[in-house]
Structure formats: C-alpha cells, structure tokens
Amino acid sequence: MRPTPYVASLRVYEPLEAFGEIDQLRWSEISMDQHTGRQEQNLALRRIIRPEQTLSRIDGAHIIEHEGERYVAPWSTALRTWAALSAFKESLPTTVTPYFLPEGIESAIISDVEAADVGFDKAPHILTETWVIPPRWFTLFSPEERLRGQSPDGPFTIVRTTLVNARKRSQIAYAAVVNAFGEGDVADEMKALVDWLDLFHPGAIVELDYGGLASYVALAEGGIESDNSLEDIQSSLAGLISGDGQEAGIGYSRLVSRWRKVAMYEQAT
C-alpha cells in the first residue's frame, strides 16, 4: 500500500543537460533502484506529523531512463509547498486561514524557497492532485502510451509521452475548448497547462502517474483494465472539433462519472 494512496502526479522529466553542473552531479548519484516515489511520500507524511523546514535535508528527484539517457523530475519540495500554501489561502477567507496555519509556518516556507534560490516564479516539474485527475491532464496522452498492471504497492497506471507530443496535444485541446465554449475558467486552466509545458526542455518526457488512485479505479467492474479515461477524452475532443455535441458530451460524461466515483472515497476515509 502506498503511503499516500490519494495522490496523482503529472511530471516533466528533463534530460540531465537541462540542469546546471552541480545538479547534474547530484542527480547522477541517484540509483535507478531507489523507490523515489515512496521516499517522497514518506517524507511528506513525516512533515505532516512533525513539521520541519524542507531545507533541513537535501531535496530529491524522480529518475527515469530512456534510450540509455537519464531524465530527471526534481521534487522542488520548497517551491511546491509554497504553491500549495498559496492555493490553500486563496480557497478560504483571510479571517479563517490563521486557524489552520501554525504561527510562523508561512514565513518558514518562504525562507525555504528563498534559501533554495529557485525563485517564486519558477515552475515545478511536478503537479499533483488528490482524489481526482483533472480531465485536461488526459489530453496530453494517447491510449497506446499507457502502461498498467500490478506492482508490490497494488494496481498502477503510468502514461508517458514526449514533451513535443504533449505540447501539440495540449494546444489542440485548448483550441477545441475555446472554439466550442469561448474563454472562461476551463479555457484558462487549459492555457495554464500549455504555458507550463512551454517552460521545459524540448527533449523532455511527460508522465501521468495515477499513483494510489489506480487502486480506487481498479475497484470498478473489470478492474484497472476497464479504465478508458484516455479514450473518453479523445472521443470528447473529437466531438468538440467536429462540432458533434452529442459525442463530446458522451465521452466527457463517462470520464467525469468514473472519476466522481473515485472522489467519493475521500468522504469514506
């Protein structure tokens, strides 16, 4: 069982050449045998129980190999913690947030980011969501790029593609949404995804990892193999592009219904 069975991740792995010399040396020392996903989750849980400054330990990274080359997705823990804090503060009235944040925690997080010298405007290589995978994430991939099965942690689904493919598909999806519905919240979220991808090395690899959510998807009839989220989003986009509202609606409805069932498990935990 995964330490945090409710988190899915969208990661960009850049080739070693995209990093500075010091980072290249650091990432080269990480063994491919290390379970960096479990390490990251364990550290995240420990910080929940016993808060600590992220810079009190060396930050890690996820590593994959492709065609004999090493690709890296740094955890960027300090930056992602700050981004999560900012999103949390925006979700609640300013009069309420102090009841959820221990005194000094915000200044400590800001100090972490400043000390890491990454800049508040730098984009993390990893985006995460809990209990659901945003439909826009699926637009970056094609069904034949999907790998799924069983691991010691349970069912898994991982999808990988090149940044070039992901960027092209995200632009097509964004244009389809704008043409069908005009500007709005959904289009803004799609555009933010396009802009995020544009920040990375053109030779990078993009990965969608269901994480622990694969275990909940697998509870459906047919198990993990019954998940057709990628096919559903393709069908929906094809409907939008062709002007077939019925096709677009059916595909999107299947996708949302599947992930709404997963999200319901949050209320049961």
# chains A, B, ... in the order shown; residues from 1 in each chain; ligands from 1

call {"tool": "residues_around", "arguments": {"residues": "Glu247 (chain A)", "least_positions_apart": "4", "cutoff": "10 Å", "atoms": "only C-alpha atoms", "output": "MDAnalysis selection string"}}
result
chainID A and resid 232 235:240 242:243 251:253

call {"tool": "write_last_selection", "arguments": {"atoms": "C-alpha atoms", "output": "mmCIF file, in the first residue's frame"}}
result
data_model
loop_
_atom_site.group_PDB
_atom_site.id
_atom_site.type_symbol
_atom_site.label_atom_id
_atom_site.label_comp_id
_atom_site.auth_asym_id
_atom_site.auth_seq_id
_atom_site.Cartn_x
_atom_site.Cartn_y
_atom_site.Cartn_z
ATOM 1 C CA ASP A 232 -13.064 9.041 -23.329
ATOM 2 C CA SER A 235 -13.791 10.942 -28.003
ATOM 3 C CA SER A 236 -14.923 14.119 -26.281
ATOM 4 C CA LEU A 237 -12.302 16.249 -28.019
ATOM 5 C CA ALA A 238 -13.111 14.688 -31.389
ATOM 6 C CA GLY A 239 -16.729 15.671 -30.841
ATOM 7 C CA LEU A 240 -15.774 19.237 -29.973
ATOM 8 C CA SER A 242 -16.142 18.122 -35.417
ATOM 9 C CA GLY A 243 -18.999 20.056 -33.858
ATOM 10 C CA GLY A 251 -17.178 10.959 -23.780
ATOM 11 C CA TYR A 252 -16.866 13.677 -21.165
ATOM 12 C CA SER A 253 -19.768 12.278 -19.140
#

call {"tool": "select_by_dssp", "arguments": {"residues": "region 144-202 of chain A", "states": "strand (DSSP E)", "output": "PyMOL selection string"}}
result
chain A and resi 146-151+154-162

call {"tool": "write_last_selection", "arguments": {"atoms": "N, CA and C atoms", "output": "tab-separated table (two decimals), in the first residue's frame"}}
result
chain	number	residue	atom	x	y	z
A	146	ARG	N	-0.05	4.15	-22.69
A	146	ARG	CA	-0.42	3.78	-21.33
A	146	ARG	C	0.19	2.44	-20.94
A	147	LEU	N	0.68	2.37	-19.69
A	147	LEU	CA	1.20	1.14	-19.11
A	147	LEU	C	0.48	0.93	-17.79
A	148	ARG	N	-0.09	-0.23	-17.62
A	148	ARG	CA	-0.81	-0.51	-16.37
A	148	ARG	C	-0.68	-1.97	-15.98
A	149	GLY	N	-0.86	-2.23	-14.70
A	149	GLY	CA	-0.72	-3.59	-14.21
A	149	GLY	C	-0.69	-3.62	-12.70
A	150	GLN	N	0.04	-4.58	-12.15
A	150	GLN	CA	0.13	-4.77	-10.70
A	150	GLN	C	1.58	-4.60	-10.25
A	151	SER	N	1.77	-3.96	-9.10
A	151	SER	CA	3.09	-3.80	-8.50
A	151	SER	C	2.98	-4.19	-7.03
A	154	GLY	N	0.32	-2.38	-5.37
A	154	GLY	CA	-1.04	-2.53	-5.86
A	154	GLY	C	-1.14	-2.17	-7.34
A	155	PRO	N	-2.35	-1.94	-7.84
A	155	PRO	CA	-2.53	-1.59	-9.24
A	155	PRO	C	-1.83	-0.27	-9.57
A	156	PHE	N	-1.37	-0.14	-10.81
A	156	PHE	CA	-0.75	1.11	-11.22
A	156	PHE	C	-1.15	1.44	-12.66
A	157	THR	N	-1.13	2.71	-12.97
A	157	THR	CA	-1.27	3.19	-14.35
A	157	THR	C	-0.31	4.35	-14.52
A	158	ILE	N	0.56	4.24	-15.52
A	158	ILE	CA	1.52	5.29	-15.87
A	158	ILE	C	1.42	5.53	-17.37
A	159	VAL	N	1.40	6.78	-17.77
A	159	VAL	CA	1.36	7.13	-19.18
A	159	VAL	C	2.50	8.11	-19.45
A	160	ARG	N	3.30	7.84	-20.49
A	160	ARG	CA	4.41	8.71	-20.82
A	160	ARG	C	4.41	9.07	-22.30
A	161	THR	N	4.82	10.29	-22.58
A	161	THR	CA	4.97	10.74	-23.95
A	161	THR	C	6.06	11.79	-24.00
A	162	THR	N	6.43	12.19	-25.21
A	162	THR	CA	7.43	13.25	-25.34
A	162	THR	C	6.79	14.61	-25.07

call {"tool": "closest_residue", "arguments": {"among": "A:Val132, A:Leu193, A:Val206, A:Ala214", "to": "Ser257 (chain A)", "atoms": "only C-alpha atoms"}}
result
A:Val132

call {"tool": "residues_around", "arguments": {"residues": "region 23-31 of chain A", "least_positions_apart": "5", "cutoff": "9 Å", "atoms": "only C-alpha atoms", "output": "ChimeraX atom specification"}}
result
/A:16-18,60-63,70,72,74

call {"tool": "write_last_selection", "arguments": {"atoms": "N, CA and C atoms", "output": "compact mmCIF listing (two decimals), in the first residue's frame"}}
result
# COMPACT_ATOMS: atom_id res chain seq x y z
N LEU A 16 19.44 15.36 -18.39
CA LEU A 16 20.45 15.91 -17.47
C LEU A 16 21.04 17.22 -17.99
N GLU A 17 21.19 17.34 -19.30
CA GLU A 17 21.80 18.52 -19.88
C GLU A 17 21.02 19.80 -19.62
N ALA A 18 19.76 19.66 -19.21
CA ALA A 18 18.94 20.84 -18.94
C ALA A 18 19.27 21.48 -17.59
N GLY A 60 15.14 15.72 -3.17
CA GLY A 60 15.35 14.59 -4.08
C GLY A 60 14.78 14.83 -5.46
N ALA A 61 14.68 13.75 -6.21
CA ALA A 61 14.17 13.83 -7.57
C ALA A 61 13.72 12.44 -8.01
N HIS A 62 12.82 12.42 -8.98
CA HIS A 62 12.45 11.17 -9.63
C HIS A 62 13.32 11.00 -10.87
N ILE A 63 13.76 9.77 -11.11
CA ILE A 63 14.68 9.49 -12.20
C ILE A 63 14.11 8.39 -13.09
N ARG A 70 19.52 9.51 -18.95
CA ARG A 70 18.84 9.74 -17.69
C ARG A 70 18.01 11.03 -17.76
N VAL A 72 15.27 13.58 -15.42
CA VAL A 72 15.08 13.95 -14.01
C VAL A 72 13.88 14.86 -13.83
N PRO A 74 12.93 16.92 -10.63
CA PRO A 74 13.22 17.31 -9.24
C PRO A 74 11.93 17.47 -8.43

call {"tool": "closest_residue", "arguments": {"among": "A:Arg260, A:Arg136, A:Arg11, A:Arg167", "to": "Val186 (chain A)", "atoms": "only C-alpha atoms"}}
result
A:Arg136

call {"tool": "residues_around", "arguments": {"residues": "Glu231 (chain A)", "least_positions_apart": "3", "cutoff": "8 Å", "atoms": "only C-alpha atoms", "output": "MDAnalysis selection string"}}
result
chainID A and resid 142:143 228 234:235

call {"tool": "select_by_dssp", "arguments": {"residues": "region 123-259 of chain A", "states": "helix (DSSP H, G or I)", "output": "VMD selection string"}}
result
chain A and resid 135 to 138 143 to 145 163 to 181 185 to 197 213 to 217 223 to 226 229 to 242 245 to 259

call {"tool": "atom_distance", "arguments": {"atom1": "CA of Ser9 (chain A)", "atom2": "CA of Asp209 (chain A)"}}
result
5.2 Å

call {"tool": "residues_around", "arguments": {"residues": "Thr139 (chain A)", "least_positions_apart": "3", "cutoff": "7 Å", "atoms": "only C-alpha atoms", "output": "list in words"}}
result
Arg136, Arg169, Ser170, Ala173 and Ile233 of chain A

call {"tool": "write_last_selection", "arguments": {"atoms": "N, CA and C atoms", "output": "PDB file, in the first residue's frame"}}
result
ATOM      1  N   ARG A 136      -8.041  17.757 -18.128  1.00  0.00           N
ATOM      2  CA  ARG A 136      -7.042  18.355 -19.024  1.00  0.00           C
ATOM      3  C   ARG A 136      -5.738  17.574 -19.029  1.00  0.00           C
ATOM      4  N   ARG A 169      -0.628  18.284 -28.371  1.00  0.00           N
ATOM      5  CA  ARG A 169      -1.972  17.847 -27.979  1.00  0.00           C
ATOM      6  C   ARG A 169      -2.650  18.862 -27.066  1.00  0.00           C
ATOM      7  N   SER A 170      -1.880  19.472 -26.171  1.00  0.00           N
ATOM      8  CA  SER A 170      -2.466  20.467 -25.273  1.00  0.00           C
ATOM      9  C   SER A 170      -2.949  21.693 -26.043  1.00  0.00           C
ATOM     10  N   ALA A 173      -6.211  20.711 -27.796  1.00  0.00           N
ATOM     11  CA  ALA A 173      -7.306  20.649 -26.834  1.00  0.00           C
ATOM     12  C   ALA A 173      -7.749  22.047 -26.407  1.00  0.00           C
ATOM     13  N   ILE A 233     -11.538  10.939 -23.236  1.00  0.00           N
ATOM     14  CA  ILE A 233     -11.175  12.333 -23.504  1.00  0.00           C
ATOM     15  C   ILE A 233     -10.920  12.528 -24.992  1.00  0.00           C
TER      16      ILE A 233
END

call {"tool": "atom_distance", "arguments": {"atom1": "CA of Val194 (chain A)", "atom2": "CA of Thr130 (chain A)"}}
result
21.2 Å

call {"tool": "residues_around", "arguments": {"residues": "region 195-198 of chain A", "least_positions_apart": "4", "cutoff": "12 Å", "atoms": "only C-alpha atoms", "output": "VMD selection string"}}
result
chain A and resid 10 to 14 121 to 127 137 140 162 to 171 174 188 to 191 202 to 207

call {"tool": "atom_distance", "arguments": {"atom1": "CA of Ile172 (chain A)", "atom2": "CA of Leu208 (chain A)"}}
result
18.5 Å
